[in-house]
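S.K.: Just so it is clear, I am handing over target.txt, which has compact mmCIF, C-alpha atoms.
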```
# COMPACT_ATOMS: atom_id res chain seq x y z
CA MET O 1 -90.18 194.46 76.12
CA ASP O 2 -92.67 193.96 73.27
CA SER O 3 -95.02 191.01 73.02
CA VAL O 4 -97.39 189.58 70.40
CA ARG O 5 -99.95 186.78 70.76
CA MET O 6 -101.27 184.71 67.82
CA HIS O 7 -103.87 181.95 68.09
CA PHE O 8 -103.96 179.08 65.62
CA ASP O 9 -106.38 176.21 65.18
CA ASP O 10 -105.84 172.53 64.52
CA GLY O 11 -106.07 172.94 60.75
CA ALA O 12 -103.92 176.06 60.75
CA ASP O 13 -101.84 177.01 57.77
CA SER O 14 -98.50 177.50 59.47
CA ALA O 15 -97.35 179.63 56.54
CA LEU O 16 -99.79 182.35 57.63
CA VAL O 17 -98.47 182.22 61.21
CA ARG O 18 -94.88 182.32 59.96
CA GLN O 19 -95.61 185.33 57.74
CA ALA O 20 -97.20 187.21 60.65
CA ALA O 21 -94.22 186.31 62.86
CA ARG O 22 -91.76 187.47 60.16
CA GLU O 23 -93.51 190.85 60.04
CA VAL O 24 -93.36 191.15 63.84
CA LEU O 25 -89.64 190.33 63.87
CA ALA O 26 -88.96 192.89 61.14
CA GLY O 27 -90.83 195.51 63.15
CA TRP O 28 -88.69 194.68 66.16
CA GLU O 29 -85.53 195.09 64.04
CA ALA O 30 -84.84 191.39 64.56
CA ALA O 31 -84.98 190.32 60.91
CA HIS O 32 -81.40 189.03 61.23
CA VAL O 33 -82.67 186.17 63.45
CA ALA O 34 -85.91 185.58 61.54
CA ASP O 35 -84.79 182.37 59.79
CA ASP O 36 -83.82 180.69 63.07
CA ALA O 37 -86.91 181.97 64.88
CA LEU O 38 -89.25 180.92 62.08
CA THR O 39 -87.73 177.44 61.91
CA VAL O 40 -88.29 177.00 65.65
CA ILE O 41 -91.83 178.43 65.41
CA THR O 42 -92.65 176.03 62.57
CA GLU O 43 -91.39 172.99 64.48
CA LEU O 44 -93.27 173.87 67.66
CA ILE O 45 -96.54 174.71 65.88
CA HIS O 46 -96.39 171.53 63.80
CA ASN O 47 -95.95 169.52 67.01
CA VAL O 48 -99.16 171.03 68.38
CA ILE O 49 -101.07 170.42 65.15
CA LYS O 50 -99.79 166.85 64.82
CA HIS O 51 -100.00 165.70 68.45
CA THR O 52 -103.04 167.46 69.93
CA ASP O 53 -106.74 167.68 69.16
CA ALA O 54 -106.91 171.44 69.07
CA GLY O 55 -104.90 174.46 68.10
CA GLY O 56 -102.81 176.59 70.35
CA ARG O 57 -101.25 179.96 70.83
CA LEU O 58 -97.93 181.44 69.78
CA ASP O 59 -96.51 184.23 71.92
CA LEU O 60 -93.45 186.17 70.78
CA THR O 61 -91.64 188.44 73.20
CA ARG O 62 -88.71 190.68 72.39
CA GLN O 63 -86.40 190.63 75.37
CA ALA O 64 -83.23 192.67 75.80
CA ASP O 65 -81.02 189.96 74.32
CA ALA O 66 -83.34 187.36 72.78
CA ILE O 67 -86.63 186.57 71.11
CA LEU O 68 -88.71 184.37 73.39
CA ILE O 69 -90.96 181.97 71.50
CA GLU O 70 -93.74 180.32 73.50
CA VAL O 71 -96.21 177.83 72.05
CA PHE O 72 -99.15 176.90 74.26
CA ASP O 73 -101.46 173.92 73.80
CA GLY O 74 -104.04 171.97 75.77
CA SER O 75 -102.09 168.71 76.08
CA THR O 76 -100.37 167.77 79.32
CA GLN O 77 -98.01 165.39 77.50
CA PRO O 78 -94.49 166.81 77.34
CA PRO O 79 -92.80 166.83 73.94
CA ARG O 80 -90.40 163.98 73.32
CA ARG O 81 -87.00 164.46 71.77
CA PHE O 82 -85.85 161.47 69.71
CA GLU O 83 -82.31 160.67 68.74
CA PRO O 84 -81.80 160.31 64.98
CA ASP O 85 -82.91 156.91 63.71
CA SER O 86 -82.57 155.95 60.06
CA HIS O 87 -85.61 153.66 60.45
CA ARG O 88 -87.98 156.40 61.63
CA ILE O 89 -89.47 159.13 59.47
CA GLY O 90 -89.76 162.42 61.33
CA GLY O 91 -89.23 162.90 65.03
CA ARG O 92 -86.30 165.30 64.65
CA GLY O 93 -88.09 168.59 65.28
CA LEU O 94 -86.88 169.08 68.84
CA LEU O 95 -83.32 168.29 67.75
CA ILE O 96 -83.64 171.22 65.35
CA VAL O 97 -85.05 173.43 68.11
CA ASP O 98 -82.20 172.35 70.39
CA ALA O 99 -79.63 173.24 67.72
CA MET O 100 -81.08 176.67 66.91
CA ALA O 101 -82.19 177.95 70.29
CA ARG O 102 -79.96 179.27 73.06
CA ASP O 103 -82.21 177.41 75.47
CA TRP O 104 -85.60 175.71 75.36
CA GLY O 105 -87.90 173.78 77.62
CA THR O 106 -91.45 172.95 78.58
CA GLN O 107 -93.62 173.48 81.60
CA ALA O 108 -97.20 172.84 82.67
CA ILE O 109 -99.55 175.78 82.50
CA PRO O 110 -100.50 176.64 86.08
CA HIS O 111 -104.07 177.69 85.30
CA ASP O 112 -107.52 176.17 85.65
CA ARG O 113 -107.28 174.37 82.29
CA PRO O 114 -104.70 171.65 81.61
CA GLY O 115 -101.94 172.23 79.12
CA LYS O 116 -98.33 173.18 78.63
CA VAL O 117 -96.06 175.70 77.03
CA VAL O 118 -92.97 174.83 75.03
CA TRP O 119 -90.59 177.78 74.88
CA ALA O 120 -87.35 178.62 73.14
CA GLU O 121 -84.99 181.60 73.19
CA ILE O 122 -83.33 182.82 70.01
CA PRO O 123 -80.43 185.14 70.89
CA LEU O 124 -80.38 188.50 69.14
CA ASP O 125 -76.57 188.43 69.10
CA GLN O 126 -75.91 185.46 66.80
CA SER O 127 -72.19 185.49 67.61
CA ALA O 128 -72.92 184.46 71.22
```
Can you turn what I pasted into structure tokens?
M.R.:
Amino acid sequence: MDSVRMHFDDGADSALVRQAAREVLAGWEAAHVADDALTVITELIHNVIKHTDAGGRLDLTRQADAILIEVFDGSTQPPRRFEPDSHRIGGRGLLIVDAMARDWGTQAIPHDRPGKVVWAEIPLDQSA
């Protein structure tokens, strides 16, 4: 199992994080799932940048059958998934994550500092 950790700040250029993640995925011979993984990464990082006061951390782990994406931040507020509403701009990011990931969720970080991690699994076998 391979793992990579990338920190990003509140004013982060998510394009730089995405490019680094794309290179990691290519090195793991997982380029065939890069578009799905990068879409999920973008949504989760943008949530941190938009809804918290600080940056966060992106961890990517290559598991036997999936890419595990974990985005950590210092907020204890869980992400909220909204149903589509033609009167609201935005708010569909977690619907996209839900559609692209095999599974996803959130949990509190059990450490001395408050925060949470939002995680998603992108299967390596896209026919599953």
S.K.: Fewer than 3 positions away in the same chain doesn't count, so skip those; otherwise give me all residues within 9 Å of region 69-72 of chain O, counting only C-alpha atoms, as a list of chain:residue names.
M.R.: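 Those residues are O:Ala37, O:Val40, O:Ile41, O:Leu44, O:Ile45, O:Val48, O:Gly55, O:Gly56, O:Arg57, O:Leu58, O:Asp59, O:Leu60, O:Thr61, O:Ser75, O:Ile109, O:Gly115, O:Lys116, O:Val117, O:Val118, O:Trp119, O:Ala120, O:Glu121, O:Ile122.
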S.K.: Between CA of His32 (chain O) and CA of Pro84 (chain O), measure the distance and give it in Å to one decimal.
M.R.: 29.0 Å
S.K.: So which residues touch Asn47 (chain O) within 10 Å, counting all atoms listed in the file, skipping near sequence neighbours fewer than 5 positions away, as a PDB file with C-alpha atoms, keeping the file's coordinate frame?
M.R.:
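What landed in around37.pdb:
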```pdb
ATOM      1  CA  ILE O  41     -91.830 178.430  65.410  1.00  0.00           C
ATOM      2  CA  THR O  42     -92.650 176.030  62.570  1.00  0.00           C
ATOM      3  CA  THR O  52    -103.040 167.460  69.930  1.00  0.00           C
ATOM      4  CA  VAL O  71     -96.210 177.830  72.050  1.00  0.00           C
ATOM      5  CA  ASP O  73    -101.460 173.920  73.800  1.00  0.00           C
ATOM      6  CA  PRO O  79     -92.800 166.830  73.940  1.00  0.00           C
ATOM      7  CA  GLY O  91     -89.230 162.900  65.030  1.00  0.00           C
ATOM      8  CA  GLY O  93     -88.090 168.590  65.280  1.00  0.00           C
ATOM      9  CA  LEU O  94     -86.880 169.080  68.840  1.00  0.00           C
TER      10      LEU O  94
END
```
S.K.: Rank O:Met6, O:Ala20, O:Leu124, O:Ala15 by their smallest atom-to-atom distance to His46 (chain O), using all atoms listed in the file, and report the top residue only.
M.R.: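 Among O:Met6, O:Ala20, O:Leu124, O:Ala15, it is O:Ala15 that comes nearest to His46 (chain O).
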S.K.: Counting all atoms listed in the file, which residue out of O:Thr76, O:Ala26, O:Asp13, O:Leu68 sits closest to Arg102 (chain O)?
M.R.: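 The answer is O:Leu68, which sits nearest to Arg102 (chain O).
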S.K.: CA of Asp36 (chain O) and CA of Val97 (chain O), how far apart in Å?
M.R.: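 Those two atoms sit 8.9 Å apart.
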S.K.: Here is a test: counting only C-alpha atoms, which residue of O:Gln63, O:Pro78, O:Lys50, O:Ala34 is nearest to Gly11 (chain O)?
M.R.: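 Among the listed residues, the smallest separation from Gly11 (chain O) belongs to O:Lys50.
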S.K.: Quote the spacing between CA of Ile67 (chain O) and CA of Arg81 (chain O) in Å to one decimal place.
M.R.: 22.1 Å
S.K.: Give the padded box for region 29-37 of chain O as lines of an AutoDock Vina configuration file: axis-aligned, covering all atoms listed in the file, 3 Å on each side, centre and edge lengths in Å to one decimal.
M.R.:
```
center_x = -84.2
center_y = 187.9
center_z = 62.3
size_x = 11.5
size_y = 20.4
size_z = 11.1
```
S.K.: Closest to Arg18 (chain O) among O:Ala30, O:Arg80, O:Asp35, O:His51, using only C-alpha atoms?
M.R.: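 For Arg18 (chain O), the nearest of the candidates is O:Asp35.
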S.K.: Nearest residue to Val33 (chain O) out of O:Ser3, O:Gln126, O:Gln19, O:Gln107, using all atoms listed in the file?
M.R.: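 Of O:Ser3, O:Gln126, O:Gln19, O:Gln107, the one nearest Val33 (chain O) is O:Gln126, counting all atoms listed in the file.
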